[in-house]
Amino acid sequence: MLRVATAEVTDIPELGAHQPILVVGKNVNPQNIMVIYTKVGADGRFLTNPADRGRPVFDFYWLMDGKTYKPVNGTIKKEIRRRFECQPSPSDRASHFVISVNDLKEVNADLKDPKVDVYATGSSGARDVEAQMTLGPSDGNMRIKLSSIYTEGRALPPAVYSVTLKGEEIVDGKVTGKKVVRRYEAKK
């Protein structure tokens with residue numbers, strides 16, 4: 001549901017045209033949704049970050065009450081960048097990068113490598129991105145198209161109580177339509 005709502009918010013004057021990667025919900029002020037986004041050029045390749053040409057555009061903003069744009073405060077953004085770390089792909093920087101989801105390291109998750117692969121997708125001039133993730137052995141190492149992450153925790157001092165991933169199953173490179181929801185609780 002969150003992904004559909006934000007999919008329509010792709011041209012915010014302060015940001016210009018952009019593609020949402022993931023929606024991040026939280027238990028603190030849940031009416032305000034964070035959007036992780038990137039930008040893709042007309043050629044279907046990720047645009048580079050003007051401050052670091054070796055990296056793609058990778059940033060965040062709030063949708064206050066789920067609809068009104070608000071930039072993320074610099075101090076909060078610094079903490080978010082620790083929790084969602086962008087890493088360029090070593091093989092194909094033009095159409096692939098990786099996000100380390102560090103909150104998943106703070107919960108009981110059997111994911112071998114809590115990373116999200118982000119791909120520039122689309123054809124015939126249509127620009128889009130897709131986030132994919134491989135779940136752990138308890139889920140048969142299922143590949144999913146990830147649409148949102150919901151985190152329960154505490155802001156100060158920061159603590160993670162649970163992380164919920166939502167998406168759709170991928171089999172043989174194609175989305176099956178089967179919805180997947182996985183919740184991981186905090187380590188005891």
# chains A, B, ... in the order shown; residues from 1 in each chain; ligands from 1
call {"tool": "residues_around", "arguments": {"residues": "Ser148 of chain A", "least_positions_apart": "2", "cutoff": "12 Å", "atoms": "only C-alpha atoms", "output": "PyMOL selection string"}}
result
chain A and resi 1-6+20-26+33-36+116+130-133+144-146+150-151+163-168+179-183
call {"tool": "write_last_selection", "arguments": {"atoms": "N, CA and C atoms", "output": "JSON list (two decimals), in the first residue's frame"}}
result
[["chain", "number", "residue", "atom", "x", "y", "z"],
["A", 1, "MET", "N", 0.82, -1.19, 0.00],
["A", 1, "MET", "CA", 0.00, 0.00, 0.00],
["A", 1, "MET", "C", 0.87, 1.25, 0.00],
["A", 2, "LEU", "N", 1.89, 1.30, 0.85],
["A", 2, "LEU", "CA", 2.74, 2.48, 0.90],
["A", 2, "LEU", "C", 3.44, 2.73, -0.42],
["A", 3, "ARG", "N", 3.89, 1.66, -1.09],
["A", 3, "ARG", "CA", 4.60, 1.80, -2.36],
["A", 3, "ARG", "C", 3.72, 2.46, -3.41],
["A", 4, "VAL", "N", 2.45, 2.07, -3.47],
["A", 4, "VAL", "CA", 1.53, 2.64, -4.46],
["A", 4, "VAL", "C", 1.35, 4.13, -4.22],
["A", 5, "ALA", "N", 1.20, 4.51, -2.96],
["A", 5, "ALA", "CA", 0.99, 5.93, -2.65],
["A", 5, "ALA", "C", 2.18, 6.77, -3.05],
["A", 6, "THR", "N", 3.39, 6.30, -2.79],
["A", 6, "THR", "CA", 4.56, 7.10, -3.10],
["A", 6, "THR", "C", 4.95, 7.01, -4.57],
["A", 20, "PRO", "N", 11.37, 6.45, -6.48],
["A", 20, "PRO", "CA", 11.42, 5.85, -5.14],
["A", 20, "PRO", "C", 11.98, 4.43, -5.24],
["A", 21, "ILE", "N", 12.86, 4.09, -4.30],
["A", 21, "ILE", "CA", 13.41, 2.74, -4.21],
["A", 21, "ILE", "C", 12.62, 1.95, -3.19],
["A", 22, "LEU", "N", 12.50, 2.52, -2.00],
["A", 22, "LEU", "CA", 11.81, 1.87, -0.88],
["A", 22, "LEU", "C", 11.06, 2.90, -0.06],
["A", 23, "VAL", "N", 10.05, 2.41, 0.61],
["A", 23, "VAL", "CA", 9.32, 3.20, 1.59],
["A", 23, "VAL", "C", 9.69, 2.63, 2.95],
["A", 24, "VAL", "N", 10.03, 3.52, 3.89],
["A", 24, "VAL", "CA", 10.39, 3.09, 5.22],
["A", 24, "VAL", "C", 9.39, 3.66, 6.21],
["A", 25, "GLY", "N", 8.68, 2.76, 6.89],
["A", 25, "GLY", "CA", 7.74, 3.16, 7.93],
["A", 25, "GLY", "C", 8.37, 2.88, 9.29],
["A", 26, "LYS", "N", 7.81, 3.51, 10.31],
["A", 26, "LYS", "CA", 8.34, 3.34, 11.65],
["A", 26, "LYS", "C", 7.23, 3.51, 12.67],
["A", 33, "ILE", "N", 6.17, 9.10, 6.55],
["A", 33, "ILE", "CA", 6.82, 8.00, 5.84],
["A", 33, "ILE", "C", 8.11, 8.51, 5.22],
["A", 34, "MET", "N", 9.15, 7.72, 5.33],
["A", 34, "MET", "CA", 10.41, 8.08, 4.67],
["A", 34, "MET", "C", 10.48, 7.38, 3.32],
["A", 35, "VAL", "N", 10.94, 8.11, 2.33],
["A", 35, "VAL", "CA", 11.14, 7.55, 1.00],
["A", 35, "VAL", "C", 12.63, 7.58, 0.70],
["A", 36, "ILE", "N", 13.16, 6.42, 0.31],
["A", 36, "ILE", "CA", 14.53, 6.33, -0.17],
["A", 36, "ILE", "C", 14.44, 6.40, -1.69],
["A", 116, "VAL", "N", 20.28, -5.07, -0.18],
["A", 116, "VAL", "CA", 19.25, -4.89, -1.20],
["A", 116, "VAL", "C", 19.96, -4.51, -2.50],
["A", 130, "GLU", "N", 14.11, -1.01, -9.29],
["A", 130, "GLU", "CA", 13.56, -2.16, -8.59],
["A", 130, "GLU", "C", 14.54, -2.57, -7.51],
["A", 131, "ALA", "N", 14.01, -2.83, -6.31],
["A", 131, "ALA", "CA", 14.82, -3.28, -5.18],
["A", 131, "ALA", "C", 14.56, -4.77, -4.98],
["A", 132, "GLN", "N", 15.63, -5.57, -4.93],
["A", 132, "GLN", "CA", 15.51, -7.02, -4.74],
["A", 132, "GLN", "C", 16.39, -7.45, -3.57],
["A", 133, "MET", "N", 15.92, -8.49, -2.89],
["A", 133, "MET", "CA", 16.65, -8.99, -1.73],
["A", 133, "MET", "C", 16.49, -10.49, -1.64],
["A", 144, "ILE", "N", 13.06, -11.75, -3.28],
["A", 144, "ILE", "CA", 11.85, -10.93, -3.31],
["A", 144, "ILE", "C", 12.14, -9.58, -3.94],
["A", 145, "LYS", "N", 11.09, -9.02, -4.52],
["A", 145, "LYS", "CA", 11.10, -7.62, -4.95],
["A", 145, "LYS", "C", 10.62, -6.86, -3.72],
["A", 146, "LEU", "N", 11.53, -6.13, -3.09],
["A", 146, "LEU", "CA", 11.24, -5.45, -1.84],
["A", 146, "LEU", "C", 10.57, -4.11, -2.11],
["A", 150, "TYR", "N", 9.49, -1.79, 7.52],
["A", 150, "TYR", "CA", 8.87, -1.16, 8.68],
["A", 150, "TYR", "C", 9.73, -1.50, 9.89],
["A", 151, "THR", "N", 10.17, -0.48, 10.61],
["A", 151, "THR", "CA", 11.04, -0.68, 11.76],
["A", 151, "THR", "C", 10.36, -0.18, 13.02],
["A", 163, "VAL", "N", 12.14, -5.55, 12.62],
["A", 163, "VAL", "CA", 12.18, -5.08, 11.23],
["A", 163, "VAL", "C", 11.26, -5.98, 10.43],
["A", 164, "THR", "N", 10.37, -5.36, 9.65],
["A", 164, "THR", "CA", 9.45, -6.10, 8.80],
["A", 164, "THR", "C", 9.72, -5.73, 7.35],
["A", 165, "LEU", "N", 9.94, -6.76, 6.52],
["A", 165, "LEU", "CA", 10.15, -6.57, 5.09],
["A", 165, "LEU", "C", 8.88, -6.95, 4.36],
["A", 166, "LYS", "N", 8.50, -6.15, 3.36],
["A", 166, "LYS", "CA", 7.33, -6.46, 2.53],
["A", 166, "LYS", "C", 7.73, -6.43, 1.07],
["A", 167, "GLY", "N", 7.21, -7.39, 0.33],
["A", 167, "GLY", "CA", 7.51, -7.43, -1.10],
["A", 167, "GLY", "C", 6.74, -8.53, -1.79],
["A", 168, "GLU", "N", 7.29, -8.95, -2.93],
["A", 168, "GLU", "CA", 6.68, -10.02, -3.72],
["A", 168, "GLU", "C", 7.76, -11.03, -4.11],
["A", 179, "LYS", "N", 2.55, -12.23, -2.35],
["A", 179, "LYS", "CA", 3.00, -11.26, -1.36],
["A", 179, "LYS", "C", 3.83, -11.95, -0.29],
["A", 180, "VAL", "N", 4.89, -11.28, 0.15],
["A", 180, "VAL", "CA", 5.78, -11.80, 1.17],
["A", 180, "VAL", "C", 5.93, -10.76, 2.27],
["A", 181, "VAL", "N", 5.71, -11.17, 3.51],
["A", 181, "VAL", "CA", 5.92, -10.31, 4.67],
["A", 181, "VAL", "C", 6.76, -11.11, 5.66],
["A", 182, "ARG", "N", 7.90, -10.57, 6.05],
["A", 182, "ARG", "CA", 8.79, -11.23, 7.01],
["A", 182, "ARG", "C", 9.13, -10.26, 8.12],
["A", 183, "ARG", "N", 8.88, -10.69, 9.36],
["A", 183, "ARG", "CA", 9.17, -9.86, 10.53],
["A", 183, "ARG", "C", 10.30, -10.53, 11.31]]
call {"tool": "residues_around", "arguments": {"residues": "segment 47-61 of chain A", "least_positions_apart": "6", "cutoff": "12 Å", "atoms": "only C-alpha atoms", "output": "PDB file with N, CA, C and O atoms, in the first residue's frame"}}
result
ATOM      1  N   THR A   6       3.392   6.296  -2.792  1.00  0.00           N
ATOM      2  CA  THR A   6       4.558   7.103  -3.105  1.00  0.00           C
ATOM      3  C   THR A   6       4.950   7.014  -4.567  1.00  0.00           C
ATOM      4  O   THR A   6       5.659   7.872  -5.053  1.00  0.00           O
ATOM      5  N   VAL A   9       4.306  10.105  -6.324  1.00  0.00           N
ATOM      6  CA  VAL A   9       5.048  11.283  -5.915  1.00  0.00           C
ATOM      7  C   VAL A   9       6.471  11.153  -6.455  1.00  0.00           C
ATOM      8  O   VAL A   9       7.387  10.820  -5.739  1.00  0.00           O
ATOM      9  N   THR A  10       6.649  11.400  -7.743  1.00  0.00           N
ATOM     10  CA  THR A  10       7.966  11.239  -8.349  1.00  0.00           C
ATOM     11  C   THR A  10       8.521  12.545  -8.902  1.00  0.00           C
ATOM     12  O   THR A  10       9.638  12.558  -9.379  1.00  0.00           O
ATOM     13  N   ILE A  12       8.852  16.062  -7.306  1.00  0.00           N
ATOM     14  CA  ILE A  12       8.759  17.064  -6.250  1.00  0.00           C
ATOM     15  C   ILE A  12       9.642  18.227  -6.697  1.00  0.00           C
ATOM     16  O   ILE A  12      10.812  18.011  -7.019  1.00  0.00           O
ATOM     17  N   GLU A  14      11.410  20.481  -5.374  1.00  0.00           N
ATOM     18  CA  GLU A  14      12.711  20.633  -4.716  1.00  0.00           C
ATOM     19  C   GLU A  14      13.715  19.559  -5.150  1.00  0.00           C
ATOM     20  O   GLU A  14      14.920  19.755  -5.052  1.00  0.00           O
ATOM     21  N   LEU A  15      13.217  18.426  -5.619  1.00  0.00           N
ATOM     22  CA  LEU A  15      14.079  17.304  -6.007  1.00  0.00           C
ATOM     23  C   LEU A  15      14.131  17.066  -7.502  1.00  0.00           C
ATOM     24  O   LEU A  15      15.092  16.504  -8.006  1.00  0.00           O
ATOM     25  N   ALA A  17      12.494  15.178 -10.977  1.00  0.00           N
ATOM     26  CA  ALA A  17      12.047  13.811 -11.244  1.00  0.00           C
ATOM     27  C   ALA A  17      12.983  12.833 -10.538  1.00  0.00           C
ATOM     28  O   ALA A  17      14.205  12.992 -10.561  1.00  0.00           O
ATOM     29  N   HIS A  18      12.401  11.839  -9.892  1.00  0.00           N
ATOM     30  CA  HIS A  18      13.176  10.833  -9.166  1.00  0.00           C
ATOM     31  C   HIS A  18      12.375   9.541  -9.089  1.00  0.00           C
ATOM     32  O   HIS A  18      11.185   9.524  -9.378  1.00  0.00           O
ATOM     33  N   GLN A  19      13.049   8.461  -8.705  1.00  0.00           N
ATOM     34  CA  GLN A  19      12.390   7.172  -8.596  1.00  0.00           C
ATOM     35  C   GLN A  19      12.512   6.673  -7.157  1.00  0.00           C
ATOM     36  O   GLN A  19      13.625   6.477  -6.659  1.00  0.00           O
ATOM     37  N   PRO A  20      11.370   6.452  -6.481  1.00  0.00           N
ATOM     38  CA  PRO A  20      11.421   5.850  -5.145  1.00  0.00           C
ATOM     39  C   PRO A  20      11.981   4.428  -5.240  1.00  0.00           C
ATOM     40  O   PRO A  20      11.643   3.684  -6.150  1.00  0.00           O
ATOM     41  N   ILE A  21      12.864   4.087  -4.299  1.00  0.00           N
ATOM     42  CA  ILE A  21      13.415   2.739  -4.207  1.00  0.00           C
ATOM     43  C   ILE A  21      12.620   1.953  -3.188  1.00  0.00           C
ATOM     44  O   ILE A  21      12.127   0.858  -3.467  1.00  0.00           O
ATOM     45  N   LEU A  22      12.501   2.516  -1.996  1.00  0.00           N
ATOM     46  CA  LEU A  22      11.806   1.873  -0.882  1.00  0.00           C
ATOM     47  C   LEU A  22      11.056   2.899  -0.062  1.00  0.00           C
ATOM     48  O   LEU A  22      11.442   4.070  -0.016  1.00  0.00           O
ATOM     49  N   VAL A  23      10.045   2.413   0.615  1.00  0.00           N
ATOM     50  CA  VAL A  23       9.322   3.202   1.587  1.00  0.00           C
ATOM     51  C   VAL A  23       9.687   2.634   2.954  1.00  0.00           C
ATOM     52  O   VAL A  23       9.699   1.419   3.142  1.00  0.00           O
ATOM     53  N   VAL A  24      10.026   3.524   3.887  1.00  0.00           N
ATOM     54  CA  VAL A  24      10.394   3.094   5.225  1.00  0.00           C
ATOM     55  C   VAL A  24       9.387   3.664   6.211  1.00  0.00           C
ATOM     56  O   VAL A  24       9.253   4.878   6.338  1.00  0.00           O
ATOM     57  N   ASN A  32       4.247   9.760   9.293  1.00  0.00           N
ATOM     58  CA  ASN A  32       5.289  10.319   8.437  1.00  0.00           C
ATOM     59  C   ASN A  32       6.123   9.181   7.864  1.00  0.00           C
ATOM     60  O   ASN A  32       6.701   8.393   8.596  1.00  0.00           O
ATOM     61  N   ILE A  33       6.174   9.101   6.554  1.00  0.00           N
ATOM     62  CA  ILE A  33       6.819   8.005   5.842  1.00  0.00           C
ATOM     63  C   ILE A  33       8.111   8.513   5.220  1.00  0.00           C
ATOM     64  O   ILE A  33       8.145   9.598   4.633  1.00  0.00           O
ATOM     65  N   MET A  34       9.155   7.720   5.325  1.00  0.00           N
ATOM     66  CA  MET A  34      10.410   8.078   4.671  1.00  0.00           C
ATOM     67  C   MET A  34      10.476   7.382   3.321  1.00  0.00           C
ATOM     68  O   MET A  34      10.124   6.212   3.200  1.00  0.00           O
ATOM     69  N   VAL A  35      10.944   8.107   2.331  1.00  0.00           N
ATOM     70  CA  VAL A  35      11.142   7.550   0.998  1.00  0.00           C
ATOM     71  C   VAL A  35      12.633   7.576   0.697  1.00  0.00           C
ATOM     72  O   VAL A  35      13.292   8.602   0.854  1.00  0.00           O
ATOM     73  N   ILE A  36      13.160   6.419   0.308  1.00  0.00           N
ATOM     74  CA  ILE A  36      14.532   6.326  -0.170  1.00  0.00           C
ATOM     75  C   ILE A  36      14.438   6.396  -1.686  1.00  0.00           C
ATOM     76  O   ILE A  36      13.656   5.655  -2.288  1.00  0.00           O
ATOM     77  N   TYR A  37      15.215   7.283  -2.301  1.00  0.00           N
ATOM     78  CA  TYR A  37      15.062   7.471  -3.743  1.00  0.00           C
ATOM     79  C   TYR A  37      16.407   7.573  -4.453  1.00  0.00           C
ATOM     80  O   TYR A  37      17.460   7.746  -3.846  1.00  0.00           O
ATOM     81  N   THR A  38      16.338   7.495  -5.770  1.00  0.00           N
ATOM     82  CA  THR A  38      17.482   7.711  -6.648  1.00  0.00           C
ATOM     83  C   THR A  38      16.973   8.461  -7.880  1.00  0.00           C
ATOM     84  O   THR A  38      15.790   8.794  -7.968  1.00  0.00           O
ATOM     85  N   LYS A  39      17.865   8.688  -8.810  1.00  0.00           N
ATOM     86  CA  LYS A  39      17.476   9.322 -10.073  1.00  0.00           C
ATOM     87  C   LYS A  39      18.065   8.526 -11.233  1.00  0.00           C
ATOM     88  O   LYS A  39      19.189   8.037 -11.132  1.00  0.00           O
ATOM     89  N   VAL A  40      17.271   8.420 -12.291  1.00  0.00           N
ATOM     90  CA  VAL A  40      17.673   7.683 -13.489  1.00  0.00           C
ATOM     91  C   VAL A  40      17.549   8.620 -14.678  1.00  0.00           C
ATOM     92  O   VAL A  40      16.551   9.322 -14.826  1.00  0.00           O
ATOM     93  N   GLY A  41      18.574   8.636 -15.516  1.00  0.00           N
ATOM     94  CA  GLY A  41      18.565   9.494 -16.698  1.00  0.00           C
ATOM     95  C   GLY A  41      17.726   8.908 -17.820  1.00  0.00           C
ATOM     96  O   GLY A  41      17.247   7.775 -17.755  1.00  0.00           O
ATOM     97  N   LYS A  67       1.871  12.399   2.535  1.00  0.00           N
ATOM     98  CA  LYS A  67       1.636  13.088   1.263  1.00  0.00           C
ATOM     99  C   LYS A  67       2.413  14.375   1.028  1.00  0.00           C
ATOM    100  O   LYS A  67       2.609  14.766  -0.112  1.00  0.00           O
ATOM    101  N   THR A  68       2.897  15.067   2.056  1.00  0.00           N
ATOM    102  CA  THR A  68       3.553  16.357   1.883  1.00  0.00           C
ATOM    103  C   THR A  68       5.062  16.226   2.044  1.00  0.00           C
ATOM    104  O   THR A  68       5.547  15.757   3.080  1.00  0.00           O
ATOM    105  N   TYR A  69       5.808  16.665   1.031  1.00  0.00           N
ATOM    106  CA  TYR A  69       7.268  16.582   1.042  1.00  0.00           C
ATOM    107  C   TYR A  69       7.889  17.411   2.149  1.00  0.00           C
ATOM    108  O   TYR A  69       7.479  18.542   2.400  1.00  0.00           O
ATOM    109  N   LYS A  70       8.906  16.827   2.806  1.00  0.00           N
ATOM    110  CA  LYS A  70       9.721  17.561   3.767  1.00  0.00           C
ATOM    111  C   LYS A  70      11.129  16.980   3.699  1.00  0.00           C
ATOM    112  O   LYS A  70      11.307  15.763   3.751  1.00  0.00           O
ATOM    113  N   PRO A  71      12.151  17.844   3.582  1.00  0.00           N
ATOM    114  CA  PRO A  71      13.525  17.317   3.572  1.00  0.00           C
ATOM    115  C   PRO A  71      13.870  16.720   4.935  1.00  0.00           C
ATOM    116  O   PRO A  71      13.298  17.087   5.952  1.00  0.00           O
ATOM    117  N   VAL A  72      14.830  15.815   4.933  1.00  0.00           N
ATOM    118  CA  VAL A  72      15.281  15.183   6.171  1.00  0.00           C
ATOM    119  C   VAL A  72      16.382  16.045   6.792  1.00  0.00           C
ATOM    120  O   VAL A  72      17.312  16.469   6.108  1.00  0.00           O
ATOM    121  N   ASN A  73      16.254  16.307   8.072  1.00  0.00           N
ATOM    122  CA  ASN A  73      17.243  17.057   8.840  1.00  0.00           C
ATOM    123  C   ASN A  73      18.609  16.381   8.703  1.00  0.00           C
ATOM    124  O   ASN A  73      18.719  15.162   8.687  1.00  0.00           O
ATOM    125  N   GLY A  74      19.664  17.184   8.597  1.00  0.00           N
ATOM    126  CA  GLY A  74      21.017  16.667   8.383  1.00  0.00           C
ATOM    127  C   GLY A  74      21.487  15.678   9.432  1.00  0.00           C
ATOM    128  O   GLY A  74      22.131  14.673   9.121  1.00  0.00           O
ATOM    129  N   ILE A  76      19.579  13.722  11.329  1.00  0.00           N
ATOM    130  CA  ILE A  76      18.803  12.493  11.130  1.00  0.00           C
ATOM    131  C   ILE A  76      19.296  11.771   9.882  1.00  0.00           C
ATOM    132  O   ILE A  76      19.447  10.543   9.868  1.00  0.00           O
ATOM    133  N   LYS A  77      19.588  12.508   8.829  1.00  0.00           N
ATOM    134  CA  LYS A  77      20.074  11.909   7.583  1.00  0.00           C
ATOM    135  C   LYS A  77      21.384  11.152   7.814  1.00  0.00           C
ATOM    136  O   LYS A  77      21.594  10.071   7.266  1.00  0.00           O
ATOM    137  N   LYS A  78      22.251  11.708   8.650  1.00  0.00           N
ATOM    138  CA  LYS A  78      23.521  11.046   8.949  1.00  0.00           C
ATOM    139  C   LYS A  78      23.268   9.679   9.593  1.00  0.00           C
ATOM    140  O   LYS A  78      23.912   8.690   9.244  1.00  0.00           O
ATOM    141  N   GLU A  79      22.327   9.605  10.531  1.00  0.00           N
ATOM    142  CA  GLU A  79      21.982   8.340  11.185  1.00  0.00           C
ATOM    143  C   GLU A  79      21.347   7.365  10.185  1.00  0.00           C
ATOM    144  O   GLU A  79      21.657   6.172  10.189  1.00  0.00           O
ATOM    145  N   ILE A  80      20.500   7.876   9.310  1.00  0.00           N
ATOM    146  CA  ILE A  80      19.857   7.011   8.307  1.00  0.00           C
ATOM    147  C   ILE A  80      20.904   6.435   7.364  1.00  0.00           C
ATOM    148  O   ILE A  80      20.840   5.256   7.002  1.00  0.00           O
ATOM    149  N   ARG A  81      21.882   7.228   6.991  1.00  0.00           N
ATOM    150  CA  ARG A  81      22.944   6.730   6.106  1.00  0.00           C
ATOM    151  C   ARG A  81      23.784   5.641   6.782  1.00  0.00           C
ATOM    152  O   ARG A  81      24.371   4.812   6.108  1.00  0.00           O
ATOM    153  N   PHE A  84      21.235   2.616   6.346  1.00  0.00           N
ATOM    154  CA  PHE A  84      21.076   2.231   4.935  1.00  0.00           C
ATOM    155  C   PHE A  84      22.309   2.737   4.189  1.00  0.00           C
ATOM    156  O   PHE A  84      22.347   3.894   3.777  1.00  0.00           O
ATOM    157  N   GLU A  85      23.300   1.888   4.013  1.00  0.00           N
ATOM    158  CA  GLU A  85      24.553   2.287   3.370  1.00  0.00           C
ATOM    159  C   GLU A  85      24.535   1.933   1.891  1.00  0.00           C
ATOM    160  O   GLU A  85      24.318   0.782   1.531  1.00  0.00           O
ATOM    161  N   CYS A  86      24.774   2.927   1.064  1.00  0.00           N
ATOM    162  CA  CYS A  86      24.820   2.737  -0.389  1.00  0.00           C
ATOM    163  C   CYS A  86      26.231   2.354  -0.811  1.00  0.00           C
ATOM    164  O   CYS A  86      27.203   3.006  -0.411  1.00  0.00           O
ATOM    165  N   GLN A  87      26.314   1.305  -1.626  1.00  0.00           N
ATOM    166  CA  GLN A  87      27.594   0.849  -2.152  1.00  0.00           C
ATOM    167  C   GLN A  87      27.467   0.669  -3.661  1.00  0.00           C
ATOM    168  O   GLN A  87      26.579  -0.046  -4.121  1.00  0.00           O
ATOM    169  N   PRO A  88      28.332   1.302  -4.422  1.00  0.00           N
ATOM    170  CA  PRO A  88      28.284   1.100  -5.878  1.00  0.00           C
ATOM    171  C   PRO A  88      28.567  -0.361  -6.230  1.00  0.00           C
ATOM    172  O   PRO A  88      29.304  -1.041  -5.522  1.00  0.00           O
ATOM    173  N   SER A  89      27.987  -0.812  -7.302  1.00  0.00           N
ATOM    174  CA  SER A  89      28.255  -2.167  -7.781  1.00  0.00           C
ATOM    175  C   SER A  89      29.668  -2.213  -8.344  1.00  0.00           C
ATOM    176  O   SER A  89      30.057  -1.331  -9.104  1.00  0.00           O
ATOM    177  N   PRO A  90      30.439  -3.255  -8.009  1.00  0.00           N
ATOM    178  CA  PRO A  90      31.790  -3.329  -8.570  1.00  0.00           C
ATOM    179  C   PRO A  90      31.790  -3.655 -10.062  1.00  0.00           C
ATOM    180  O   PRO A  90      32.753  -3.373 -10.759  1.00  0.00           O
ATOM    181  N   ASP A  92      28.767  -3.135 -12.403  1.00  0.00           N
ATOM    182  CA  ASP A  92      27.888  -2.369 -13.286  1.00  0.00           C
ATOM    183  C   ASP A  92      27.308  -1.161 -12.558  1.00  0.00           C
ATOM    184  O   ASP A  92      26.167  -1.178 -12.131  1.00  0.00           O
ATOM    185  N   ARG A  93      28.104  -0.116 -12.421  1.00  0.00           N
ATOM    186  CA  ARG A  93      27.667   1.075 -11.691  1.00  0.00           C
ATOM    187  C   ARG A  93      26.545   1.839 -12.392  1.00  0.00           C
ATOM    188  O   ARG A  93      25.830   2.602 -11.770  1.00  0.00           O
ATOM    189  N   ALA A  94      26.385   1.635 -13.671  1.00  0.00           N
ATOM    190  CA  ALA A  94      25.386   2.378 -14.434  1.00  0.00           C
ATOM    191  C   ALA A  94      23.962   1.927 -14.133  1.00  0.00           C
ATOM    192  O   ALA A  94      23.030   2.731 -14.180  1.00  0.00           O
ATOM    193  N   SER A  95      23.773   0.637 -13.804  1.00  0.00           N
ATOM    194  CA  SER A  95      22.405   0.150 -13.621  1.00  0.00           C
ATOM    195  C   SER A  95      22.214  -0.698 -12.367  1.00  0.00           C
ATOM    196  O   SER A  95      21.172  -1.323 -12.198  1.00  0.00           O
ATOM    197  N   HIS A  96      23.186  -0.699 -11.447  1.00  0.00           N
ATOM    198  CA  HIS A  96      23.061  -1.515 -10.243  1.00  0.00           C
ATOM    199  C   HIS A  96      23.864  -0.896  -9.098  1.00  0.00           C
ATOM    200  O   HIS A  96      24.988  -0.458  -9.296  1.00  0.00           O
ATOM    201  N   PHE A  97      23.259  -0.830  -7.919  1.00  0.00           N
ATOM    202  CA  PHE A  97      23.999  -0.542  -6.691  1.00  0.00           C
ATOM    203  C   PHE A  97      23.373  -1.333  -5.560  1.00  0.00           C
ATOM    204  O   PHE A  97      22.322  -1.961  -5.730  1.00  0.00           O
ATOM    205  N   VAL A  98      24.028  -1.333  -4.430  1.00  0.00           N
ATOM    206  CA  VAL A  98      23.631  -2.164  -3.300  1.00  0.00           C
ATOM    207  C   VAL A  98      23.410  -1.289  -2.072  1.00  0.00           C
ATOM    208  O   VAL A  98      24.143  -0.327  -1.848  1.00  0.00           O
ATOM    209  N   ILE A  99      22.388  -1.631  -1.284  1.00  0.00           N
ATOM    210  CA  ILE A  99      22.129  -0.961  -0.015  1.00  0.00           C
ATOM    211  C   ILE A  99      22.295  -1.997   1.095  1.00  0.00           C
ATOM    212  O   ILE A  99      21.612  -3.017   1.097  1.00  0.00           O
ATOM    213  N   VAL A 118      19.689  -2.794  -5.998  1.00  0.00           N
ATOM    214  CA  VAL A 118      18.842  -1.809  -6.665  1.00  0.00           C
ATOM    215  C   VAL A 118      19.258  -1.755  -8.128  1.00  0.00           C
ATOM    216  O   VAL A 118      20.430  -1.569  -8.447  1.00  0.00           O
ATOM    217  N   TYR A 119      18.266  -1.957  -9.009  1.00  0.00           N
ATOM    218  CA  TYR A 119      18.524  -2.000 -10.445  1.00  0.00           C
ATOM    219  C   TYR A 119      17.739  -0.902 -11.152  1.00  0.00           C
ATOM    220  O   TYR A 119      16.574  -0.667 -10.848  1.00  0.00           O
ATOM    221  N   ALA A 120      18.379  -0.255 -12.121  1.00  0.00           N
ATOM    222  CA  ALA A 120      17.670   0.644 -13.031  1.00  0.00           C
ATOM    223  C   ALA A 120      16.985  -0.262 -14.038  1.00  0.00           C
ATOM    224  O   ALA A 120      17.624  -1.122 -14.641  1.00  0.00           O
ATOM    225  N   ARG A 127      11.403   4.990 -17.229  1.00  0.00           N
ATOM    226  CA  ARG A 127      12.443   4.890 -16.206  1.00  0.00           C
ATOM    227  C   ARG A 127      11.837   4.390 -14.910  1.00  0.00           C
ATOM    228  O   ARG A 127      10.782   4.843 -14.492  1.00  0.00           O
TER     229      ARG A 127
END
call {"tool": "select_by_dssp", "arguments": {"residues": "chain A", "states": "alpha helix (DSSP H)", "output": "list in words"}}
result
Leu2, Arg3, Val4, Ala5, Thr6, Ala7, Gly74, Thr75, Ile76, Lys77, Lys78, Glu79, Ile80, Arg81, Arg82 and Arg83 of chain A
call {"tool": "closest_residue", "arguments": {"among": "A:Val171, A:Ile149, A:Val160, A:Ala42", "to": "Glu106 of chain A", "atoms": "only C-alpha atoms"}}
result
A:Val160
call {"tool": "select_by_dssp", "arguments": {"residues": "segment 16-188 of chain A", "states": "strand (DSSP E or B)", "output": "PyMOL selection string"}}
result
chain A and resi 16-17+19-26+33-38+40+46+48-49+52-56+59-64+68-71+84-88+96-101+107+115-121+128-134+143-154+159-171+174-186
call {"tool": "atom_distance", "arguments": {"atom1": "atom CA of Pro114 of chain A", "atom2": "atom CA of Asn102 of chain A"}}
result
7.1 Å
call {"tool": "closest_residue", "arguments": {"among": "A:Thr75, A:Ser100, A:Tyr184, A:Pro13", "to": "Tyr161 of chain A", "atoms": "only C-alpha atoms"}}
result
A:Tyr184
call {"tool": "closest_residue", "arguments": {"among": "A:Lys178, A:Leu135, A:Ser91, A:Val129", "to": "Lys112 of chain A", "atoms": "only C-alpha atoms"}}
result
A:Leu135
call {"tool": "closest_residue", "arguments": {"among": "A:Asn27, A:Thr134, A:Asn108, A:Thr121", "to": "Ala155 of chain A", "atoms": "only C-alpha atoms"}}
result
A:Asn27
call {"tool": "closest_residue", "arguments": {"among": "A:Asp43, A:Ala186, A:Arg143, A:Pro158", "to": "Ile170 of chain A", "atoms": "only C-alpha atoms"}}
result
A:Arg143
call {"tool": "closest_residue", "arguments": {"among": "A:Ala109, A:Gly44, A:Asn29, A:Ser138", "to": "Trp62 of chain A", "atoms": "only C-alpha atoms"}}
result
A:Asn29
call {"tool": "atom_distance", "arguments": {"atom1": "atom CA of Asn141 of chain A", "atom2": "atom CA of Leu111 of chain A"}}
result
8.2 Å
call {"tool": "atom_distance", "arguments": {"atom1": "atom CA of Val175 of chain A", "atom2": "atom CA of Gly140 of chain A"}}
result
16.3 Å
